[in-house]
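Visitor: Take a look at the following structure, please.
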Amino acid sequence: MEQVCAGFRAAFPGGDAPRVCRAPGRINLIGEHTDYNGLPVLPMTVDRDIVLAFRERPDGMIHLRNTDSAFPEVSFANAATLTPSAPGSWDNYCKAAVAALNRAFGCDPRRGMDVLVASDLPVAAGLASSSALVVACALAYLAVQDRDLDGNGDRLRLAELLADAEHFVGTRGGGMDQAVILCGQADHACKIDFHPLRIEPAPLLPNHVVVVCDSTVKAEKGGAARNRYNAGPRLCGVIRALVEKQLQEEIDEDVALERLGDLFHGALCLTVREARALCANAVPEPRVSLAAVAKRLGLRPDEARARWLDDLPEPPEGFPLQAMLRHQLTEYERVERARDALLAEDAEELGRLMNASHESCARDYGVSCPELDRLVDIARKAGALGARLTGAGFGGATVNLVPADRVERFMDAVAREYYRGFPKRQGPPPMFVARAVNGAGMGTIPRPAGA
Ligand code: NG1
């Protein structure tokens with residue numbers, strides 16, 4: 001924090017001392033690509049974060065600088081309506097936060113800020129650096145408006161607001177990242193349920209650690225990776241409509257299914273077995289063409305496309321909806337069982353569930369890549385009880401559950417097998433033992449020497 005304040009004074013000389021806030025990254029133990037369907041997840045924060053030093057400006061300009069020279073200086077004028085910069089431009093994450101808070105609380109166009117961003121959270125590694133930046137910018141912007149986060153209720157409300165806010169950037173994610181970044185607890189994972197957002201802390205396993213291994217395949221959210229990510233929410237929109245149609249035929253023609261997660265609570269409250277039977281009837285074929293979807297739902301193909309798919313290309317053999325739906329249902333069960341395994345301190349069971357989740361993400365949901373598959377394979381052979389990709393996938397990191405007394409051997413073996421041949425000048429192999437920390441907040445301002 002001290003360093004970022006000194007950096008701030010050099011970057012933005014004069015004026016009052018800056019304030020600081022921080023937002024940690026996160027890993028997801030299990031529950032992947034389920035949040036945008038309102039199905040639960042089980043992530044934890046990590047002890048790597050984004051730190052912001054900031055100071056209010058009275059002219060409505062928002063100036064952003066980054067200690068990492070890969071992110072050039074950017075600025076924009078605060079306004080009631082903000083338009084996104086080019087995809088991939090990093091000011092979009094700050095704009096997303098400011099735009100959402102302006103919508104929620106009104107915009108005073110004179111409120112601006114100077115911000116210096118520093119981070120030890122790797123970018124595009126599946127550790128939610130983008131959401132950490134959105135959350136940190138939101139805290140800074142709230143602070144320059146003299147608004148404080150007051151208790152848990154505020155944190156939950158802000159998490160919901162910022163989950164929607166991030167859609168500004170063009171990804172159609174669920175609310176997992178913002179929720180755990182704001183509401184995470186030291187030494188705990190968080191079982192998160194959505195609509196309404198609920199957080200249930202579950203203590204991490206004694207005598208075990210979670211090791212994060214970066215595959216070093218970048219999963220940047222600008223451009224192609226964003227489209228690959230968005231294919232999930234888009235196709236799940238189609239799946240939801242097909243399941244709703246089936247419900248209307250089997251149960252009641254007036255029933256509405258806002259999201260897949262609603263199968264398991266509220267008015268429907270199906271058991272997993274009932275949901276499975278319903279879904280088998282809703283999507284009876286492995287592959288489904290757009291024409292078949294449209295026919296089933298009484299729409300024209302162009303109407304169905306406009307409603308859910310946008311410009312998503314249709315594979316000649318049709319969309320793999322059955323496997324995607326299987327992933328959603330089995331992952332739902334795994335998350336519930338993983339929370340129970342944490343509470344029962346059953347590491348073997350948690351490891352099995354993590355392994356099964358990786359297979360499901362890779363085979364049924366199609367979000368792994370050869371490097372991630374190789375890394376989990378190596379990790380299991382090196383002694384991980386469970387190893388799986390974490391976050392959106394297509395690259396990024398894995399999470400590995402390892403008995404604490406075997407962690408050194410584990411890391412040596414992964415270094416030898418996976419990171420062998422990595423250029424030494426790039427430093428030590430990119431893996432670390434993750435510790436869960438408290439959620440985002442304002443930092444303590446270090447006093448300048450002699451003050
Ligand atoms: P990351 O790994 O941060 O890109 C994304 C989504 C999550 C969730 C996971 C997959 C955003 C901001 N985050 O996370 O909501 O859907 O993928 O489980 O879109």
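Residues in the structure tokens are named by chain (A, B, ... in the order shown) and by number from 1 within that chain; ligands are numbered from 1 in the order shown.
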Counting only C-alpha atoms and all ligand atoms, what are the residues of chain A within 6 Å of ligand 1, and for each of them which pair of atoms is the nearest and at what distance in Å, to one decimal? Sort the table by chain and rising number, as a tab-separated table.

Guide:
```
residue	atom	partner	partner_atom_place_in_ligand_line	distance
A:Glu32	CA	ligand 1	18 (O)	3.6
A:His33	CA	ligand 1	18 (O)	3.6
A:Asp35	CA	ligand 1	16 (O)	5.5
A:Tyr36	CA	ligand 1	16 (O)	6.0
A:Gly126	CA	ligand 1	2 (O)	3.8
A:Leu127	CA	ligand 1	3 (O)	5.7
A:Ala128	CA	ligand 1	3 (O)	3.5
A:Ser131	CA	ligand 1	12 (C)	5.5
A:Thr171	CA	ligand 1	19 (O)	5.3
A:Arg172	CA	ligand 1	19 (O)	5.8
A:Gly173	CA	ligand 1	19 (O)	3.4
A:Gly174	CA	ligand 1	15 (O)	3.9
A:Gly175	CA	ligand 1	15 (O)	5.2
A:Met176	CA	ligand 1	15 (O)	5.0
A:Asp177	CA	ligand 1	15 (O)	5.7
A:Gly391	CA	ligand 1	2 (O)	3.3
A:Ala392	CA	ligand 1	17 (O)	3.5
```

Visitor: Within 6 Å of segment 372-386 of chain A, counting only C-alpha atoms, which residues qualify if same-chain residues fewer than 5 places away don't, as a PyMOL selection string?

Guide: chain A and resi 351-352+354-355+400-402+410+413

Visitor: I'd like to know which of A:Ala356, A:Ala79, A:Ala219, A:Ala323 is closest to Gly393 of chain A, using only C-alpha atoms.

Guide: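 Looking only at the distances to Gly393 of chain A, the closest residue turns out to be A:Ala219.
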
Visitor: Please indicate the distance in Å from atom CA of Gln145 of chain A to atom CA of Arg111 of chain A, rounded to one decimal place.

Guide: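 The value is 7.3 Å.
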
Visitor: With only C-alpha atoms as the basis for distance, which of A:Leu263, A:Asn230, A:Val123, A:Leu42 is at the shortest distance from Ile30 of chain A?

Guide: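 Counting only C-alpha atoms, the residue closest to Ile30 of chain A is A:Leu42.
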
Visitor: Please provide the set of residues having any atom within 6 Å of segment 314-322 of chain A, restricted to only C-alpha atoms, with same-chain residues fewer than 5 positions apart removed, written as a PDB file with all heavy atoms, in the first residue's frame.

Guide:
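Writing done, so here's around_16.pdb:
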```pdb
ATOM      1  N   VAL A 283     -34.554 -32.038 -23.824  1.00  0.00           N
ATOM      2  CA  VAL A 283     -33.486 -32.072 -24.840  1.00  0.00           C
ATOM      3  C   VAL A 283     -33.144 -33.542 -25.114  1.00  0.00           C
ATOM      4  O   VAL A 283     -32.153 -34.068 -24.617  1.00  0.00           O
ATOM      5  CB  VAL A 283     -32.237 -31.289 -24.349  1.00  0.00           C
ATOM      6  CG1 VAL A 283     -31.184 -31.202 -25.453  1.00  0.00           C
ATOM      7  CG2 VAL A 283     -32.600 -29.884 -23.888  1.00  0.00           C
ATOM      8  N   PRO A 286     -28.638 -35.465 -28.581  1.00  0.00           N
ATOM      9  CA  PRO A 286     -27.369 -34.838 -28.186  1.00  0.00           C
ATOM     10  C   PRO A 286     -27.139 -33.488 -28.857  1.00  0.00           C
ATOM     11  O   PRO A 286     -26.686 -32.550 -28.237  1.00  0.00           O
ATOM     12  CB  PRO A 286     -26.301 -35.848 -28.642  1.00  0.00           C
ATOM     13  CG  PRO A 286     -27.022 -37.126 -28.898  1.00  0.00           C
ATOM     14  CD  PRO A 286     -28.459 -36.798 -29.162  1.00  0.00           C
ATOM     15  N   ARG A 287     -27.436 -33.401 -30.139  1.00  0.00           N
ATOM     16  CA  ARG A 287     -27.189 -32.161 -30.888  1.00  0.00           C
ATOM     17  C   ARG A 287     -28.517 -31.603 -31.379  1.00  0.00           C
ATOM     18  O   ARG A 287     -29.394 -32.371 -31.800  1.00  0.00           O
ATOM     19  CB  ARG A 287     -26.331 -32.461 -32.119  1.00  0.00           C
ATOM     20  CG  ARG A 287     -24.965 -32.994 -31.756  1.00  0.00           C
ATOM     21  CD  ARG A 287     -24.041 -31.845 -31.767  1.00  0.00           C
ATOM     22  NE  ARG A 287     -22.705 -32.188 -31.356  1.00  0.00           N
ATOM     23  CZ  ARG A 287     -21.732 -31.288 -31.318  1.00  0.00           C
ATOM     24  NH1 ARG A 287     -21.958 -30.054 -31.679  1.00  0.00           N
ATOM     25  NH2 ARG A 287     -20.538 -31.613 -30.925  1.00  0.00           N
ATOM     26  N   VAL A 288     -28.672 -30.305 -31.346  1.00  0.00           N
ATOM     27  CA  VAL A 288     -29.939 -29.706 -31.758  1.00  0.00           C
ATOM     28  C   VAL A 288     -29.649 -28.551 -32.718  1.00  0.00           C
ATOM     29  O   VAL A 288     -28.805 -27.693 -32.426  1.00  0.00           O
ATOM     30  CB  VAL A 288     -30.712 -29.167 -30.526  1.00  0.00           C
ATOM     31  CG1 VAL A 288     -32.114 -28.736 -30.941  1.00  0.00           C
ATOM     32  CG2 VAL A 288     -30.778 -30.191 -29.410  1.00  0.00           C
ATOM     33  N   SER A 289     -30.349 -28.540 -33.841  1.00  0.00           N
ATOM     34  CA  SER A 289     -30.132 -27.449 -34.805  1.00  0.00           C
ATOM     35  C   SER A 289     -30.988 -26.248 -34.409  1.00  0.00           C
ATOM     36  O   SER A 289     -31.982 -26.387 -33.681  1.00  0.00           O
ATOM     37  CB  SER A 289     -30.521 -27.909 -36.212  1.00  0.00           C
ATOM     38  OG  SER A 289     -31.921 -28.123 -36.248  1.00  0.00           O
TER      39      SER A 289
END
```

Visitor: Please list as a VMD selection string every residue within 9 Å of Ala275 of chain A, counting only C-alpha atoms and excluding residues in the same chain fewer than 4 positions away.

Guide: chain A and resid 263 to 264 270 to 271 279 to 280 329

Visitor: Export N, CA and C atoms of the chosen residues as an mmCIF file, in the first residue's frame?

Guide:
```
data_model
loop_
_atom_site.group_PDB
_atom_site.id
_atom_site.type_symbol
_atom_site.label_atom_id
_atom_site.label_comp_id
_atom_site.auth_asym_id
_atom_site.auth_seq_id
_atom_site.Cartn_x
_atom_site.Cartn_y
_atom_site.Cartn_z
ATOM 1 N N LEU A 263 -35.426 -24.333 -11.092
ATOM 2 C CA LEU A 263 -35.964 -25.700 -11.001
ATOM 3 C C LEU A 263 -35.902 -26.210 -9.569
ATOM 4 N N PHE A 264 -34.865 -25.710 -8.816
ATOM 5 C CA PHE A 264 -34.560 -26.348 -7.531
ATOM 6 C C PHE A 264 -35.087 -25.598 -6.312
ATOM 7 N N LEU A 270 -37.884 -28.914 -7.530
ATOM 8 C CA LEU A 270 -37.732 -30.294 -7.997
ATOM 9 C C LEU A 270 -36.555 -30.978 -7.296
ATOM 10 N N THR A 271 -36.608 -32.287 -7.187
ATOM 11 C CA THR A 271 -35.424 -33.030 -6.760
ATOM 12 C C THR A 271 -34.516 -33.160 -7.985
ATOM 13 N N CYS A 279 -35.414 -32.805 -17.895
ATOM 14 C CA CYS A 279 -34.433 -32.303 -18.871
ATOM 15 C C CYS A 279 -34.177 -33.331 -19.978
ATOM 16 N N ALA A 280 -34.258 -34.607 -19.627
ATOM 17 C CA ALA A 280 -34.073 -35.640 -20.655
ATOM 18 C C ALA A 280 -35.178 -35.524 -21.704
ATOM 19 N N LEU A 329 -26.649 -29.764 -14.562
ATOM 20 C CA LEU A 329 -27.320 -30.538 -13.512
ATOM 21 C C LEU A 329 -26.307 -31.257 -12.621
#
```

Visitor: According to DSSP computed on the backbone, where in segment 164-278 of chain A is there alpha helix (DSSP H)? Give the residues as a PyMOL selection string.

Guide: chain A and resi 164-165+176-183+224-250+272-278

Visitor: Near Gly7 of chain A, counting only C-alpha atoms, which residues have an atom at most 9 Å away, once you skip same-chain residues fewer than 3 positions from it, shown as a PyMOL selection string?

Guide: chain A and resi 2-4+10-12+53+67+116

Visitor: Using only C-alpha atoms, which protein or nucleic acid residues come within 12 Å of segment 294-297 of chain A? Drop anything in the same chain fewer than 6 positions from it, and give the result as a VMD selection string.

Guide: chain A and resid 238 to 246 248 to 249 282 to 283 288 303 to 309

Visitor: How would the residues just chosen look if you wrote them out with N, CA and C atoms as an mmCIF file, in the first residue's frame?

Guide:
```
data_model
loop_
_atom_site.group_PDB
_atom_site.id
_atom_site.type_symbol
_atom_site.label_atom_id
_atom_site.label_comp_id
_atom_site.auth_asym_id
_atom_site.auth_seq_id
_atom_site.Cartn_x
_atom_site.Cartn_y
_atom_site.Cartn_z
ATOM 1 N N VAL A 238 -31.169 -20.797 -24.647
ATOM 2 C CA VAL A 238 -31.968 -21.726 -25.462
ATOM 3 C C VAL A 238 -32.409 -22.920 -24.606
ATOM 4 N N ILE A 239 -31.453 -23.442 -23.828
ATOM 5 C CA ILE A 239 -31.772 -24.604 -22.982
ATOM 6 C C ILE A 239 -32.898 -24.251 -22.007
ATOM 7 N N ARG A 240 -32.797 -23.075 -21.403
ATOM 8 C CA ARG A 240 -33.848 -22.656 -20.459
ATOM 9 C C ARG A 240 -35.214 -22.647 -21.140
ATOM 10 N N ALA A 241 -35.247 -22.118 -22.364
ATOM 11 C CA ALA A 241 -36.528 -22.027 -23.071
ATOM 12 C C ALA A 241 -37.080 -23.428 -23.369
ATOM 13 N N LEU A 242 -36.182 -24.349 -23.739
ATOM 14 C CA LEU A 242 -36.644 -25.723 -24.040
ATOM 15 C C LEU A 242 -37.155 -26.409 -22.767
ATOM 16 N N VAL A 243 -36.474 -26.180 -21.655
ATOM 17 C CA VAL A 243 -36.910 -26.804 -20.393
ATOM 18 C C VAL A 243 -38.234 -26.176 -19.945
ATOM 19 N N GLU A 244 -38.353 -24.873 -20.136
ATOM 20 C CA GLU A 244 -39.614 -24.210 -19.775
ATOM 21 C C GLU A 244 -40.778 -24.783 -20.579
ATOM 22 N N LYS A 245 -40.527 -24.971 -21.858
ATOM 23 C CA LYS A 245 -41.572 -25.528 -22.734
ATOM 24 C C LYS A 245 -42.002 -26.917 -22.221
ATOM 25 N N GLN A 246 -40.997 -27.702 -21.839
ATOM 26 C CA GLN A 246 -41.279 -29.045 -21.341
ATOM 27 C C GLN A 246 -42.087 -28.990 -20.041
ATOM 28 N N GLN A 248 -44.082 -26.663 -19.164
ATOM 29 C CA GLN A 248 -45.455 -26.236 -19.483
ATOM 30 C C GLN A 248 -46.279 -27.419 -19.977
ATOM 31 N N GLU A 249 -45.620 -28.319 -20.722
ATOM 32 C CA GLU A 249 -46.370 -29.484 -21.222
ATOM 33 C C GLU A 249 -46.605 -30.519 -20.118
ATOM 34 N N ALA A 282 -36.784 -32.651 -22.290
ATOM 35 C CA ALA A 282 -36.686 -31.323 -22.918
ATOM 36 C C ALA A 282 -35.651 -31.318 -24.027
ATOM 37 N N VAL A 283 -34.554 -32.038 -23.824
ATOM 38 C CA VAL A 283 -33.486 -32.072 -24.840
ATOM 39 C C VAL A 283 -33.144 -33.542 -25.114
ATOM 40 N N VAL A 288 -28.672 -30.305 -31.346
ATOM 41 C CA VAL A 288 -29.939 -29.706 -31.758
ATOM 42 C C VAL A 288 -29.649 -28.551 -32.718
ATOM 43 N N GLU A 303 -35.982 -15.539 -35.506
ATOM 44 C CA GLU A 303 -36.481 -15.019 -34.223
ATOM 45 C C GLU A 303 -35.734 -15.665 -33.061
ATOM 46 N N ALA A 304 -35.549 -16.992 -33.162
ATOM 47 C CA ALA A 304 -34.843 -17.704 -32.088
ATOM 48 C C ALA A 304 -33.412 -17.189 -31.988
ATOM 49 N N ARG A 305 -32.793 -16.995 -33.137
ATOM 50 C CA ARG A 305 -31.406 -16.478 -33.131
ATOM 51 C C ARG A 305 -31.357 -15.104 -32.469
ATOM 52 N N ALA A 306 -32.257 -14.213 -32.876
ATOM 53 C CA ALA A 306 -32.236 -12.852 -32.335
ATOM 54 C C ALA A 306 -32.476 -12.875 -30.827
ATOM 55 N N ARG A 307 -33.328 -13.795 -30.369
ATOM 56 C CA ARG A 307 -33.664 -13.812 -28.951
ATOM 57 C C ARG A 307 -32.495 -14.287 -28.091
ATOM 58 N N TRP A 308 -31.757 -15.302 -28.566
ATOM 59 C CA TRP A 308 -30.757 -15.903 -27.669
ATOM 60 C C TRP A 308 -29.323 -15.934 -28.194
ATOM 61 N N LEU A 309 -29.179 -16.089 -29.516
ATOM 62 C CA LEU A 309 -27.855 -16.489 -29.999
ATOM 63 C C LEU A 309 -27.018 -15.376 -30.603
#
```

Visitor: One number please: atom CA of Leu389 of chain A to atom CA of Asp346 of chain A, in Å, one decimal.

Guide: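 Answer for the atom CA of Leu389 of chain A to atom CA of Asp346 of chain A separation: 20.7 Å.
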
Visitor: Which residues come within 10 Å of Phe76 of chain A, counting only C-alpha atoms, excluding same-chain residues fewer than 3 positions away, as a tab-separated table (two decimals) with N, CA, C and O atoms, in the first residue's frame?

Guide:
```
chain	number	residue	atom	x	y	z
A	60	GLY	N	-14.77	16.40	-12.68
A	60	GLY	CA	-15.50	15.31	-13.33
A	60	GLY	C	-14.64	14.41	-14.21
A	60	GLY	O	-15.15	13.48	-14.83
A	61	MET	N	-13.33	14.68	-14.27
A	61	MET	CA	-12.49	13.80	-15.10
A	61	MET	C	-12.05	12.58	-14.27
A	61	MET	O	-11.76	12.71	-13.08
A	62	ILE	N	-12.00	11.44	-14.92
A	62	ILE	CA	-11.49	10.24	-14.24
A	62	ILE	C	-10.22	9.82	-14.98
A	62	ILE	O	-10.26	9.46	-16.16
A	63	HIS	N	-9.10	9.98	-14.29
A	63	HIS	CA	-7.79	9.66	-14.88
A	63	HIS	C	-7.30	8.35	-14.28
A	63	HIS	O	-7.23	8.22	-13.07
A	64	LEU	N	-6.93	7.43	-15.15
A	64	LEU	CA	-6.47	6.11	-14.67
A	64	LEU	C	-5.04	5.87	-15.11
A	64	LEU	O	-4.71	6.02	-16.30
A	79	ALA	N	-20.14	11.08	-16.66
A	79	ALA	CA	-21.41	11.53	-17.26
A	79	ALA	C	-22.49	10.53	-16.89
A	79	ALA	O	-22.20	9.39	-16.55
A	82	LEU	N	-22.44	6.69	-19.96
A	82	LEU	CA	-21.06	6.44	-20.43
A	82	LEU	C	-21.12	5.39	-21.52
A	82	LEU	O	-21.88	4.42	-21.43
A	85	SER	N	-15.45	2.06	-24.18
A	85	SER	CA	-14.33	2.28	-25.09
A	85	SER	C	-14.16	1.00	-25.92
A	85	SER	O	-14.88	0.01	-25.70
A	91	ASP	N	-9.97	0.88	-19.44
A	91	ASP	CA	-10.83	1.82	-18.73
A	91	ASP	C	-12.27	1.34	-18.68
A	91	ASP	O	-13.06	1.80	-17.85
A	94	CYS	N	-13.44	0.36	-15.21
A	94	CYS	CA	-13.77	1.48	-14.33
A	94	CYS	C	-15.08	2.12	-14.79
A	94	CYS	O	-15.96	2.41	-13.98
A	95	LYS	N	-15.22	2.27	-16.10
A	95	LYS	CA	-16.47	2.84	-16.63
A	95	LYS	C	-17.67	1.99	-16.20
A	95	LYS	O	-18.73	2.52	-15.88
A	112	GLY	N	-15.00	13.53	-10.03
A	112	GLY	CA	-14.00	12.79	-10.81
A	112	GLY	C	-12.98	12.23	-9.86
A	112	GLY	O	-13.09	12.37	-8.64
```

Visitor: Report the residues of segment 267-407 of chain A whose backbone DSSP state falls under strand (DSSP E), written as a list in words.

Guide: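 Reading the DSSP output for segment 267-407 of chain A, strand (DSSP E) covers Gly386, Ala387, Arg388, Leu389, Ala397, Thr398, Val399, Asn400, Leu401, Val402 and Pro403 of chain A.
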
Visitor: With distances taken over only C-alpha atoms, which residue among A:Arg198, A:Arg147, A:Lys191, A:Arg435 lies nearest Glu160 of chain A?

Guide: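 For Glu160 of chain A, the nearest of the given residues is A:Arg198.
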
Visitor: Counting only C-alpha atoms, which of A:Val180, A:Val433, A:Ala165, A:Ala256 gets nearest to Thr398 of chain A?

Guide: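 Going through A:Val180, A:Val433, A:Ala165, A:Ala256 one by one, the smallest distance to Thr398 of chain A is for A:Val433.
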
Visitor: Quote the spacing between atom CA of Ala224 of chain A and atom CA of Gly31 of chain A in Å to one decimal place.

Guide: 23.3 Å

Visitor: Considering only C-alpha atoms, can you say which of A:Ala397, A:Leu139, A:Met113, A:Val74 comes closest to Gly443 of chain A?

Guide: A:Leu139

Visitor: Which of these residues is nearest to Gly184 of chain A, using only C-alpha atoms: A:Val217, A:Ala277, A:Ala100, A:Ala202?

Guide: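 Closest residue, counting only C-alpha atoms: A:Ala202.
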